[in-house]
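A.B. asks: File name protein_8.csv; file contents CSV, C-alpha atoms and all ligand atoms; full text below.
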```csv
chain,number,residue,atom,x,y,z
A,1,MET,CA,50.6,82.7,16.9
A,2,LYS,CA,48.5,85.0,14.7
A,3,GLN,CA,45.7,86.9,16.4
A,4,THR,CA,42.5,87.3,14.5
A,5,ALA,CA,40.4,90.4,14.8
A,6,LEU,CA,36.9,90.3,13.3
A,7,PHE,CA,35.6,93.5,12.0
A,8,PHE,CA,31.8,94.0,11.4
A,9,LEU,CA,31.3,96.0,8.3
A,10,GLU,CA,28.0,97.7,8.6
A,11,GLN,CA,25.6,98.3,5.8
A,12,ARG,CA,22.3,100.0,5.7
A,13,GLU,CA,19.9,99.6,2.7
A,14,GLY,CA,22.8,98.0,0.9
A,15,VAL,CA,25.1,100.9,1.4
A,16,ILE,CA,28.3,100.4,3.4
A,17,ARG,CA,28.4,102.9,6.3
A,18,LYS,CA,31.1,105.5,5.9
A,19,ALA,CA,32.2,105.3,9.6
A,20,SER,CA,32.5,101.5,9.3
A,21,LEU,CA,34.5,101.6,6.1
A,22,GLN,CA,36.8,104.3,7.6
A,23,LEU,CA,37.5,102.1,10.6
A,24,TRP,CA,38.1,99.0,8.6
A,25,ASN,CA,40.6,100.9,6.6
A,26,ARG,CA,42.4,102.2,9.6
A,27,LEU,CA,42.5,98.7,11.1
A,28,LEU,CA,44.0,97.3,7.8
A,29,ALA,CA,46.5,100.1,7.7
A,30,LEU,CA,47.6,99.5,11.3
A,31,SER,CA,47.6,95.7,11.0
A,32,SER,CA,49.7,95.7,7.7
A,33,SER,CA,52.8,96.6,9.8
A,34,GLU,CA,51.9,93.9,12.4
A,35,PRO,CA,52.4,90.5,10.8
A,36,SER,CA,51.0,88.6,13.9
A,37,PHE,CA,47.6,90.4,13.5
A,38,ARG,CA,45.0,89.3,10.9
A,39,VAL,CA,41.9,91.3,10.2
A,40,VAL,CA,38.8,89.6,8.8
A,41,ALA,CA,35.8,91.7,8.0
A,42,LEU,CA,32.2,90.4,8.0
A,43,LEU,CA,29.5,91.8,5.9
A,44,ALA,CA,25.9,90.6,6.4
A,45,GLY,CA,23.3,91.2,3.7
A,46,ALA,CA,23.5,92.4,0.1
A,47,ALA,CA,25.5,95.5,-0.3
A,48,ASN,CA,27.3,97.5,-3.0
A,49,LEU,CA,30.9,96.8,-2.6
A,50,ASP,CA,32.1,99.5,-5.0
A,51,ALA,CA,32.6,101.7,-2.0
A,52,CYS,CA,35.5,99.4,-1.0
A,53,ASN,CA,37.0,98.6,-4.4
A,54,GLY,CA,40.3,100.4,-4.9
A,55,ARG,CA,40.0,102.3,-1.6
A,56,LEU,CA,41.5,100.1,1.0
A,57,ALA,CA,44.9,100.4,2.7
A,58,ALA,CA,45.6,96.6,2.2
A,59,HIS,CA,43.8,93.7,0.5
A,60,GLY,CA,41.4,93.0,3.3
A,61,GLU,CA,39.7,89.7,3.7
A,62,LEU,CA,35.9,90.0,3.6
A,63,LEU,CA,33.5,87.2,4.5
A,64,HIS,CA,30.2,88.0,2.8
A,65,VAL,CA,26.9,86.5,3.9
A,66,SER,CA,24.7,87.5,1.0
A,67,ASN,CA,21.6,85.7,2.2
A,68,GLU,CA,18.7,88.2,2.0
A,69,LEU,CA,17.7,87.4,5.6
A,70,PHE,CA,20.5,89.7,6.6
A,71,ASN,CA,19.6,92.6,4.3
A,72,ARG,CA,17.7,94.3,7.1
A,73,TYR,CA,19.1,94.5,10.6
A,74,HIS,CA,17.7,91.9,13.1
A,75,PRO,CA,19.5,92.0,16.5
A,76,GLU,CA,19.3,88.3,17.4
A,77,ARG,CA,20.1,87.1,13.9
A,78,TYR,CA,23.0,89.4,13.5
A,79,ALA,CA,24.4,88.6,16.9
A,80,GLN,CA,24.1,84.8,16.2
A,81,LEU,CA,25.9,85.2,12.9
A,82,ILE,CA,28.7,87.3,14.3
A,83,ALA,CA,29.1,84.8,17.2
A,84,SER,CA,29.3,81.9,14.8
A,85,VAL,CA,31.8,83.6,12.6
A,86,ALA,CA,33.9,84.7,15.6
A,87,ASP,CA,34.0,81.1,16.8
A,88,ARG,CA,34.9,79.7,13.3
A,89,GLU,CA,37.7,82.3,12.8
A,90,ALA,CA,38.9,82.0,16.4
A,91,ALA,CA,38.7,85.8,16.6
A,92,THR,CA,40.0,87.1,19.9
A,93,SER,CA,38.7,90.6,19.3
A,94,ILE,CA,35.6,92.0,17.5
A,95,PHE,CA,35.5,95.5,16.2
A,96,PHE,CA,32.5,97.7,15.3
A,97,ALA,CA,32.3,101.4,14.3
A,98,ASP,CA,30.4,103.1,17.1
A,99,THR,CA,27.0,103.5,15.6
A,100,THR,CA,23.4,103.3,16.8
A,101,LEU,CA,23.2,99.7,15.5
A,102,SER,CA,26.5,98.6,17.1
A,103,ARG,CA,25.4,100.1,20.4
A,104,GLU,CA,22.4,97.8,20.4
A,105,LEU,CA,24.1,94.8,18.9
A,106,SER,CA,27.4,94.7,20.8
A,107,PRO,CA,25.9,94.2,24.4
A,108,LYS,CA,23.9,91.2,23.1
A,109,LEU,CA,27.0,89.7,21.6
A,110,SER,CA,29.0,90.4,24.7
A,111,LEU,CA,26.5,88.4,26.7
A,112,MET,CA,26.4,85.7,24.2
A,113,LEU,CA,30.2,85.3,24.0
A,114,HIS,CA,30.9,86.1,27.6
A,115,ALA,CA,33.3,88.7,26.2
A,116,SER,CA,34.2,92.1,27.6
A,117,LEU,CA,32.6,95.1,25.8
A,118,LEU,CA,34.5,98.3,25.6
A,119,SER,CA,32.4,100.9,23.9
A,120,GLY,CA,32.9,104.4,22.6
A,121,CYS,CA,36.7,103.9,22.3
A,122,THR,CA,38.7,106.9,21.1
A,123,SER,CA,42.0,105.4,20.1
A,124,LEU,CA,42.4,102.4,17.8
A,125,GLU,CA,46.2,102.8,18.0
A,126,ARG,CA,46.0,102.2,21.8
A,127,ILE,CA,43.9,99.1,21.3
A,128,MET,CA,46.4,97.7,18.8
A,129,GLN,CA,49.3,98.4,21.2
A,130,ASP,CA,48.1,96.6,24.3
A,131,GLY,CA,44.3,95.9,24.0
A,132,ALA,CA,43.5,98.8,26.3
A,133,ALA,CA,40.6,101.1,25.4
A,134,SER,CA,40.7,104.8,25.9
A,135,ARG,CA,37.3,106.5,26.6
A,136,ALA,CA,36.2,110.0,27.3
A,137,LEU,CA,34.6,110.4,30.7
A,138,TYR,CA,32.8,113.2,32.5
A,139,ALA,CA,31.7,115.0,29.3
A,140,GLY,CA,35.1,114.6,27.8
A,141,THR,CA,37.1,116.2,30.7
A,142,VAL,CA,38.9,113.0,31.6
A,143,GLN,CA,40.4,110.2,29.4
A,144,GLY,CA,39.9,106.8,31.0
A,145,SER,CA,41.9,103.7,30.2
A,146,PHE,CA,40.2,100.3,30.4
A,147,MET,CA,41.7,96.8,30.1
A,148,PRO,CA,39.4,94.0,29.0
A,149,LEU,CA,39.0,91.2,31.6
A,150,THR,CA,38.1,88.3,29.3
A,151,GLU,CA,40.1,86.5,26.7
A,152,ARG,CA,37.8,87.7,23.9
A,153,HIS,CA,36.8,91.4,23.7
A,154,LEU,CA,34.5,93.6,21.8
A,155,TYR,CA,35.3,97.2,20.9
A,156,THR,CA,33.1,99.9,19.4
A,157,VAL,CA,35.3,102.7,18.1
A,158,LEU,CA,34.2,106.2,17.5
A,159,ALA,CA,34.6,107.3,13.9
A,160,SER,CA,36.1,110.6,15.0
A,161,SER,CA,39.1,108.6,16.3
A,162,THR,CA,40.1,107.4,12.8
A,163,LEU,CA,41.7,109.5,10.1
A,164,PRO,CA,39.8,109.9,6.8
A,165,SER,CA,41.0,107.3,4.2
A,166,ALA,CA,44.0,108.3,2.3
A,167,ALA,CA,44.1,107.6,-1.5
A,168,TYR,CA,44.6,103.8,-1.1
A,169,SER,CA,44.3,101.4,-4.0
A,170,CYS,CA,43.5,97.9,-2.6
A,171,SER,CA,40.3,96.0,-2.8
A,172,PRO,CA,38.8,93.3,-0.5
A,173,ILE,CA,39.3,89.7,-1.2
A,174,ILE,CA,35.8,88.4,-1.0
A,175,HIS,CA,34.9,85.0,0.4
A,176,PRO,CA,31.2,84.1,0.1
A,177,PHE,CA,30.2,82.8,3.5
A,178,PRO,CA,27.3,80.2,3.4
A,179,TYR,CA,24.5,80.8,5.8
A,180,ASN,CA,23.5,77.7,7.7
A,181,GLU,CA,20.6,78.0,10.1
A,182,VAL,CA,21.8,75.1,12.2
A,183,GLU,CA,25.0,77.0,13.0
A,184,MET,CA,22.9,79.9,14.2
A,185,VAL,CA,22.1,78.1,17.5
A,186,HIS,CA,25.2,79.3,19.1
A,187,ASP,CA,24.3,78.8,22.7
A,188,PHE,CA,21.9,75.9,23.2
A,189,GLY,CA,21.5,76.7,26.9
A,190,MET,CA,20.6,80.3,26.2
A,191,LEU,CA,18.0,79.3,23.6
A,192,LEU,CA,16.4,76.9,26.1
A,193,LYS,CA,16.3,79.6,28.7
A,194,LEU,CA,14.7,81.9,26.2
A,195,LEU,CA,12.1,79.4,25.2
A,196,THR,CA,11.2,78.5,28.8
A,197,MET,CA,11.0,82.2,29.6
A,198,ARG,CA,8.6,82.8,26.7
A,199,GLN,CA,6.4,79.8,27.7
A,200,GLY,CA,6.6,80.4,31.4
A,201,ALA,CA,5.5,83.0,33.8
A,202,LEU,CA,5.0,86.7,33.1
A,203,ASP,CA,7.5,89.2,34.5
A,204,VAL,CA,6.5,90.2,38.0
A,205,ALA,CA,6.7,93.9,37.1
A,206,GLU,CA,4.3,93.6,34.2
A,207,ALA,CA,1.7,91.1,35.4
A,208,SER,CA,-1.8,92.3,36.4
A,209,VAL,CA,-1.9,89.5,39.1
A,210,VAL,CA,1.1,88.8,41.4
A,211,VAL,CA,1.2,85.9,43.8
A,212,ALA,CA,4.2,86.4,46.1
A,213,GLY,CA,5.8,84.3,48.9
A,214,GLY,CA,8.0,85.1,51.8
A,215,ARG,CA,9.9,83.3,54.5
A,216,GLY,CA,6.6,81.9,55.8
A,217,MET,CA,6.5,79.6,52.7
A,218,GLY,CA,9.3,77.6,54.4
A,219,SER,CA,11.0,76.1,51.3
A,220,ALA,CA,11.6,76.4,47.6
A,221,GLU,CA,9.3,73.5,46.9
A,222,ALA,CA,6.4,75.2,48.6
A,223,PHE,CA,6.6,77.9,45.9
A,224,GLY,CA,5.2,75.3,43.6
A,225,MET,CA,1.8,76.1,45.1
A,226,LEU,CA,2.3,79.7,44.2
A,227,GLU,CA,3.2,78.8,40.7
A,228,GLU,CA,0.1,76.8,40.4
A,229,LEU,CA,-2.0,79.6,41.8
A,230,ALA,CA,-0.3,82.1,39.5
A,231,VAL,CA,-1.1,79.9,36.4
A,232,LEU,CA,-4.8,79.7,37.5
A,233,LEU,CA,-5.0,83.5,37.9
A,234,GLY,CA,-2.9,84.2,34.8
A,235,GLY,CA,-0.3,86.0,36.9
A,236,ALA,CA,3.3,86.0,37.9
A,237,VAL,CA,5.2,84.8,41.0
A,238,GLY,CA,7.0,87.3,43.2
A,239,ALA,CA,9.1,86.9,46.4
A,240,THR,CA,10.4,88.9,49.3
A,241,ARG,CA,14.1,89.4,49.8
A,242,GLN,CA,14.2,86.7,52.5
A,243,ALA,CA,12.9,84.2,50.1
A,244,VAL,CA,15.4,85.3,47.4
A,245,ASP,CA,18.3,85.3,49.9
A,246,ALA,CA,17.3,81.8,51.0
A,247,GLY,CA,17.8,80.8,47.3
A,248,TRP,CA,14.2,79.8,46.9
A,249,ARG,CA,13.5,82.2,44.1
A,250,PRO,CA,15.6,84.3,41.6
A,251,HIS,CA,16.3,87.9,42.2
A,252,SER,CA,14.3,88.9,39.1
A,253,GLU,CA,11.2,88.1,41.2
A,254,GLN,CA,12.1,90.2,44.2
A,255,ILE,CA,9.6,92.9,45.1
A,256,GLY,CA,10.5,95.9,47.2
A,257,GLN,CA,13.1,98.6,47.8
A,258,THR,CA,16.0,96.6,46.3
A,259,GLY,CA,13.8,94.6,44.0
A,260,LYS,CA,11.0,95.6,41.6
A,261,SER,CA,8.2,98.0,42.1
A,262,ILE,CA,4.9,96.4,41.0
A,263,ALA,CA,1.4,97.7,40.3
A,264,PRO,CA,-0.8,94.7,39.7
A,265,ALA,CA,-4.6,94.8,40.0
A,266,LEU,CA,-4.4,91.9,42.5
A,267,TYR,CA,-1.6,91.1,44.9
A,268,VAL,CA,-1.6,87.9,47.0
A,269,ALA,CA,1.0,87.9,49.8
A,270,CYS,CA,1.7,84.5,51.3
A,271,GLY,CA,3.8,84.1,54.4
A,272,ILE,CA,5.0,87.7,54.1
A,273,SER,CA,5.3,89.9,57.2
A,274,GLY,CA,5.0,93.2,55.4
A,275,SER,CA,8.2,95.1,56.1
A,276,PRO,CA,8.6,98.7,55.0
A,277,GLN,CA,11.1,97.6,52.4
A,278,HIS,CA,8.6,95.2,50.9
A,279,PHE,CA,5.8,97.7,51.1
A,280,ALA,CA,8.0,100.1,49.1
A,281,GLY,CA,7.5,97.8,46.1
A,282,ILE,CA,3.8,97.2,46.3
A,283,SER,CA,2.4,100.7,46.9
A,284,GLY,CA,0.9,100.7,43.4
A,285,ALA,CA,-1.0,97.4,43.9
A,286,GLY,CA,-4.8,97.4,43.6
A,287,THR,CA,-6.5,94.8,45.8
A,288,ILE,CA,-4.2,93.1,48.4
A,289,VAL,CA,-4.9,89.7,49.8
A,290,ALA,CA,-2.7,88.4,52.7
A,291,LEU,CA,-2.3,84.9,54.0
A,292,ASN,CA,-0.4,84.8,57.3
A,293,SER,CA,-0.3,82.6,60.4
A,294,ASP,CA,0.2,85.7,62.6
A,295,PRO,CA,-2.9,87.8,63.0
A,296,HIS,CA,-0.8,90.7,64.1
A,297,ALA,CA,1.5,90.6,61.0
A,298,PRO,CA,1.9,94.2,59.6
A,299,ILE,CA,0.8,93.0,56.1
A,300,PHE,CA,-2.8,92.9,57.4
A,301,SER,CA,-2.7,96.7,58.0
A,302,LEU,CA,-2.4,97.1,54.3
A,303,ALA,CA,-4.4,94.2,53.0
A,304,HIS,CA,-8.0,94.5,51.8
A,305,TYR,CA,-8.7,90.8,52.5
A,306,GLY,CA,-6.9,88.6,55.0
A,307,LEU,CA,-6.7,84.9,55.8
A,308,VAL,CA,-5.1,83.9,59.1
A,309,GLY,CA,-3.6,80.4,59.0
A,310,ASP,CA,-0.8,78.2,57.8
A,311,VAL,CA,-0.1,78.7,54.1
A,312,HIS,CA,0.5,74.9,53.7
A,313,GLN,CA,-3.1,74.3,54.6
A,314,LEU,CA,-4.7,77.5,53.2
A,315,LEU,CA,-3.1,77.4,49.7
A,316,PRO,CA,-4.1,73.8,48.6
A,317,LYS,CA,-7.7,74.6,49.7
A,318,LEU,CA,-7.6,77.9,47.8
A,319,ILE,CA,-6.2,76.3,44.7
A,320,PHE,CA,-8.8,73.5,44.8
A,321,LEU,CA,-11.7,76.0,45.3
A,322,LEU,CA,-10.4,78.2,42.5
A,323,GLN,CA,-10.1,75.2,40.1
A,324,GLU,CA,-13.7,74.3,40.8
A,325,CYS,CA,-14.8,77.8,40.4
A,326,LEU,CA,-13.0,78.2,37.0
A,327,GLN,CA,-14.4,74.9,35.8
A,328,LYS,CA,-17.9,76.1,36.4
A,329,LYS,CA,-17.4,79.3,34.4
B,1,LIG,C1,18.4,97.9,52.8
B,1,LIG,C2,17.4,96.8,52.8
B,1,LIG,C3,16.7,96.6,51.6
B,1,LIG,C4,15.7,95.6,51.6
B,1,LIG,N1,15.0,95.4,50.4
B,1,LIG,C5,14.0,94.5,50.5
B,1,LIG,C6,13.2,94.3,49.3
B,1,LIG,O1,13.4,94.8,48.2
B,1,LIG,N2,12.2,93.4,49.4
B,1,LIG,C7,11.9,92.7,50.5
B,1,LIG,O2,10.9,91.9,50.5
B,1,LIG,N3,12.6,92.9,51.6
B,1,LIG,C8,13.7,93.7,51.6
B,1,LIG,N4,14.4,93.9,52.8
B,1,LIG,C9,14.2,92.9,53.9
B,1,LIG,C10,13.1,93.4,54.8
B,1,LIG,O3,13.6,94.2,55.8
B,1,LIG,C11,12.4,92.1,55.4
B,1,LIG,O4,13.4,91.4,56.1
B,1,LIG,C12,11.7,91.2,54.5
B,1,LIG,O5,10.9,91.9,53.6
B,1,LIG,C13,10.9,90.1,55.2
B,1,LIG,O6,10.6,89.1,54.4
B,1,LIG,P1,9.5,88.1,54.8
B,1,LIG,O7,8.2,88.8,55.0
B,1,LIG,O8,9.5,87.0,53.7
B,1,LIG,O9,10.0,87.4,56.1
B,1,LIG,P2,9.6,87.6,57.6
B,1,LIG,O10,9.7,89.0,58.0
B,1,LIG,O11,10.4,86.7,58.4
B,1,LIG,O12,8.1,87.2,57.6
B,1,LIG,C14,7.6,85.9,57.5
B,1,LIG,C15,6.2,85.9,57.7
B,1,LIG,O13,5.6,84.6,57.4
B,1,LIG,C16,4.7,84.3,58.4
B,1,LIG,N5,4.6,82.8,58.5
B,1,LIG,C17,5.6,82.0,59.0
B,1,LIG,N6,5.2,80.7,58.8
B,1,LIG,C18,4.0,80.8,58.2
B,1,LIG,C19,3.1,79.8,57.7
B,1,LIG,N7,3.4,78.5,57.8
B,1,LIG,N8,2.0,80.2,57.1
B,1,LIG,C20,1.7,81.5,57.0
B,1,LIG,N9,2.5,82.5,57.4
B,1,LIG,C21,3.6,82.1,58.0
B,1,LIG,C22,5.2,85.0,59.7
B,1,LIG,O14,4.1,85.2,60.6
B,1,LIG,C23,5.8,86.2,59.2
B,1,LIG,O15,4.8,87.3,59.2
B,1,LIG,C24,15.4,94.9,52.8
B,1,LIG,C25,16.1,95.1,53.9
B,1,LIG,C26,17.1,96.1,53.9
B,1,LIG,C27,17.8,96.4,55.2
```
Would you encode the structure as structure tokens?
C.D. replies:
Amino acid sequence: MKQTALFFLEQREGVIRKASLQLWNRLLALSSSEPSFRVVALLAGAANLDACNGRLAAHGELLHVSNELFNRYHPERYAQLIASVADREAATSIFFADTTLSRELSPKLSLMLHASLLSGCTSLERIMQDGAASRALYAGTVQGSFMPLTERHLYTVLASSTLPSAAYSCSPIIHPFPYNEVEMVHDFGMLLKLLTMRQGALDVAEASVVVAGGRGMGSAEAFGMLEELAVLLGGAVGATRQAVDAGWRPHSEQIGQTGKSIAPALYVACGISGSPQHFAGISGAGTIVALNSDPHAPIFSLAHYGLVGDVHQLLPKLIFLLQECLQKK
């Protein structure tokens, strides 16, 4: 069965990038002796194709999306487009010249397609042989060899690894590629996640108010009270490692030595003992308020205000009083 490689032909300000054209040419030259290998190039945005005419090693297929939305680089839009085309063409590998743009774009695409990314590859020939990527390591003193672990793989290839174009005479066969916005929603689940993230809470590392919970919260459901409190205070929810390990909260909310370091103006610690590992993440906090049933909990040694009691009784009261207070304002 024929294998399809998608090649992203990069343009900037309508001019095809030299490194990109060189790599496409090399891919075409290598694939022309490999009948089971098909190379399809994708060009997004308006560009002057004269640079390609009469200068290719073989008549390369070029899908051209001329919609002006793609004239300028936009990471999400470009990634969605490449993902859609890769799906449509059933491409098993996607190639980029290793440039500043591809270094930003390829990790996004790799996540979107759940595909291995092998960047900074130094030998196109090696990739064509067995899919393995050679990379210079330790400032070029060692050559590493990497095999992709997924069915679909992405490669960014250094321009220095391709020979300058010889005097070729072929031109691309251009297929206009219609842009359809509906197709752009490549991963619906991912989009939903993105939207809920945008609407939802702030990142714990950036919020000026953080309401965090520990093992003393007792359950994932009890964190609902902290979410409510965080909304009232315009802040974010955080958690201790115990709460994260219990599966009550995601790791992105963990505060401390192996989580995030935070520096909010107000930090509210609920059912948190105050271990050194947790303290490590809150040393930059302004005012610290602690709610704990144990009056001897270490957290009280750091807190500016403390409430001794059961969080399940204290928090509903606190939320109620705060709502009243905010309504009066
Ligand atoms: C290498 C290493 C890295 C670590 N990194 C981190 C890290 O990044 N972040 C982190 O947080 N931890 C980290 N830890 C774990 C850390 O040592 C503590 O185990 C953890 O911080 C304790 O979490 P906790 O306060 O939720 O739980 P606990 O220590 O069990 O404390 C629970 C507290 O809740 C109180 N409580 C119980 N019930 C109630 C109630 N109903 N109402 C009110 N209070 C109640 C208790 O009195 C107690 O003080 C790390 C540990 C190691 C070894």
A.B. asks: Using only C-alpha atoms and all ligand atoms, find each residue in chain A having at least one atom no more than 9 Å away from ligand LIG 1 (chain B); report its shortest atom-to-atom pair and that distance in Å (one decimal), rows by chain then rising number, as a Markdown table.
C.D. replies:
```
| residue | atom | partner | partner_atom | distance |
| --- | --- | --- | --- | --- |
| A:Gly213 | CA | B:LIG1 | O8 | 6.6 |
| A:Gly214 | CA | B:LIG1 | O8 | 3.1 |
| A:Arg215 | CA | B:LIG1 | O8 | 3.8 |
| A:Gly216 | CA | B:LIG1 | O13 | 3.3 |
| A:Met217 | CA | B:LIG1 | C19 | 6.0 |
| A:Gly218 | CA | B:LIG1 | N6 | 6.8 |
| A:Ala239 | CA | B:LIG1 | O2 | 6.7 |
| A:Thr240 | CA | B:LIG1 | O2 | 3.3 |
| A:Arg241 | CA | B:LIG1 | C7 | 4.0 |
| A:Gln242 | CA | B:LIG1 | O6 | 4.7 |
| A:Ala243 | CA | B:LIG1 | O8 | 5.7 |
| A:Val244 | CA | B:LIG1 | O2 | 8.6 |
| A:Gln254 | CA | B:LIG1 | N2 | 6.1 |
| A:Ile255 | CA | B:LIG1 | N2 | 5.0 |
| A:Gly256 | CA | B:LIG1 | O1 | 3.3 |
| A:Gln257 | CA | B:LIG1 | O1 | 3.8 |
| A:Thr258 | CA | B:LIG1 | O1 | 3.7 |
| A:Gly259 | CA | B:LIG1 | O1 | 4.2 |
| A:Lys260 | CA | B:LIG1 | O1 | 7.1 |
| A:Ser261 | CA | B:LIG1 | O1 | 8.6 |
| A:Ala269 | CA | B:LIG1 | O7 | 8.9 |
| A:Cys270 | CA | B:LIG1 | C20 | 6.4 |
| A:Gly271 | CA | B:LIG1 | O13 | 3.5 |
| A:Ile272 | CA | B:LIG1 | O7 | 3.5 |
| A:Ser273 | CA | B:LIG1 | O15 | 3.3 |
| A:Gly274 | CA | B:LIG1 | O7 | 5.5 |
| A:Ser275 | CA | B:LIG1 | O5 | 4.9 |
| A:Pro276 | CA | B:LIG1 | O3 | 6.8 |
| A:Gln277 | CA | B:LIG1 | C5 | 4.7 |
| A:His278 | CA | B:LIG1 | O2 | 4.0 |
| A:Phe279 | CA | B:LIG1 | O2 | 7.7 |
| A:Ala280 | CA | B:LIG1 | O1 | 7.6 |
| A:Gly281 | CA | B:LIG1 | O1 | 6.9 |
| A:Leu291 | CA | B:LIG1 | C20 | 6.0 |
| A:Asn292 | CA | B:LIG1 | N9 | 3.7 |
| A:Ser293 | CA | B:LIG1 | C20 | 4.1 |
| A:Asp294 | CA | B:LIG1 | O14 | 4.4 |
| A:Pro295 | CA | B:LIG1 | O14 | 7.8 |
| A:His296 | CA | B:LIG1 | O14 | 8.2 |
| A:Ala297 | CA | B:LIG1 | O15 | 5.0 |
| A:Pro298 | CA | B:LIG1 | O15 | 7.5 |
| A:Ile299 | CA | B:LIG1 | O15 | 7.6 |
| A:Val308 | CA | B:LIG1 | C20 | 7.5 |
| A:Gly309 | CA | B:LIG1 | C20 | 5.8 |
| A:Asp310 | CA | B:LIG1 | N8 | 3.5 |
| A:Val311 | CA | B:LIG1 | N8 | 4.0 |
| A:His312 | CA | B:LIG1 | N7 | 6.2 |
| A:Gln313 | CA | B:LIG1 | N8 | 8.2 |
| A:Leu314 | CA | B:LIG1 | N8 | 8.2 |
```
A.B. asks: Using only C-alpha atoms, which residue out of A:Ser31, A:Ser252, A:Thr122, A:Thr150 lies closest to Lys2 (chain A)?
C.D. replies: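 Under the stated criterion, the closest residue is A:Ser31.
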A.B. asks: May I ask which of the residues A:Leu23, A:Leu154, A:Ala222, A:Leu63 is the closest one to Glu125 (chain A), counting only C-alpha atoms?
C.D. replies: A:Leu23
A.B. asks: Would you mind reading off the distance between CA of Gly238 (chain A) and CA of Val211 (chain A), one decimal, in Å?
C.D. replies: 6.0 Å
A.B. asks: Fewer than 4 positions away in the same chain doesn't count, so skip those; otherwise give me all residues within 9 Å of region 107-121 of chain A, counting all atoms listed in the file, as a VMD selection string.
C.D. replies: chain A and resid 75 to 76 79 to 80 82 to 83 93 97 to 98 102 to 103 127 133 to 136 146 to 158 161 186 to 187 190
A.B. asks: For Glu10 (chain A), which residue among A:Ser84, A:Ser145, A:Ser283, A:Thr99 is the nearest when counting only C-alpha atoms?
C.D. replies: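 For Glu10 (chain A), the nearest of the given residues is A:Thr99.
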A.B. asks: Tell me which of A:Ala51, A:Phe223, A:Leu62, A:Ala86 sits closest to His175 (chain A), counting only C-alpha atoms.
C.D. replies: A:Leu62
A.B. asks: Which is closer to Leu105 (chain A) than all the others in A:Glu89, A:Glu61, A:Val268, A:Phe8, using all atoms listed in the file?
C.D. replies: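 For Leu105 (chain A), the nearest of the given residues is A:Phe8.
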A.B. asks: Which residues, written as an NGL selection string, have at least one atom at most 9 Å from Gly14 (chain A), with all atoms listed in the file counted and residues fewer than 6 positions away on the same chain left out?
C.D. replies: :A and (45-49 or 71-72)
A.B. asks: Restricted to C-alpha atoms, what would the selected residues look like written as a PDB file, in the coordinates of the input?
C.D. replies:
```
ATOM      1  CA  GLY A  45      23.300  91.200   3.700  1.00  0.00           C
ATOM      2  CA  ALA A  46      23.500  92.400   0.100  1.00  0.00           C
ATOM      3  CA  ALA A  47      25.500  95.500  -0.300  1.00  0.00           C
ATOM      4  CA  ASN A  48      27.300  97.500  -3.000  1.00  0.00           C
ATOM      5  CA  LEU A  49      30.900  96.800  -2.600  1.00  0.00           C
ATOM      6  CA  ASN A  71      19.600  92.600   4.300  1.00  0.00           C
ATOM      7  CA  ARG A  72      17.700  94.300   7.100  1.00  0.00           C
TER       8      ARG A  72
END
```
A.B. asks: May I ask for the distance between CA of Phe37 (chain A) and CA of Leu81 (chain A), given in Å to one decimal place?
C.D. replies: 22.3 Å
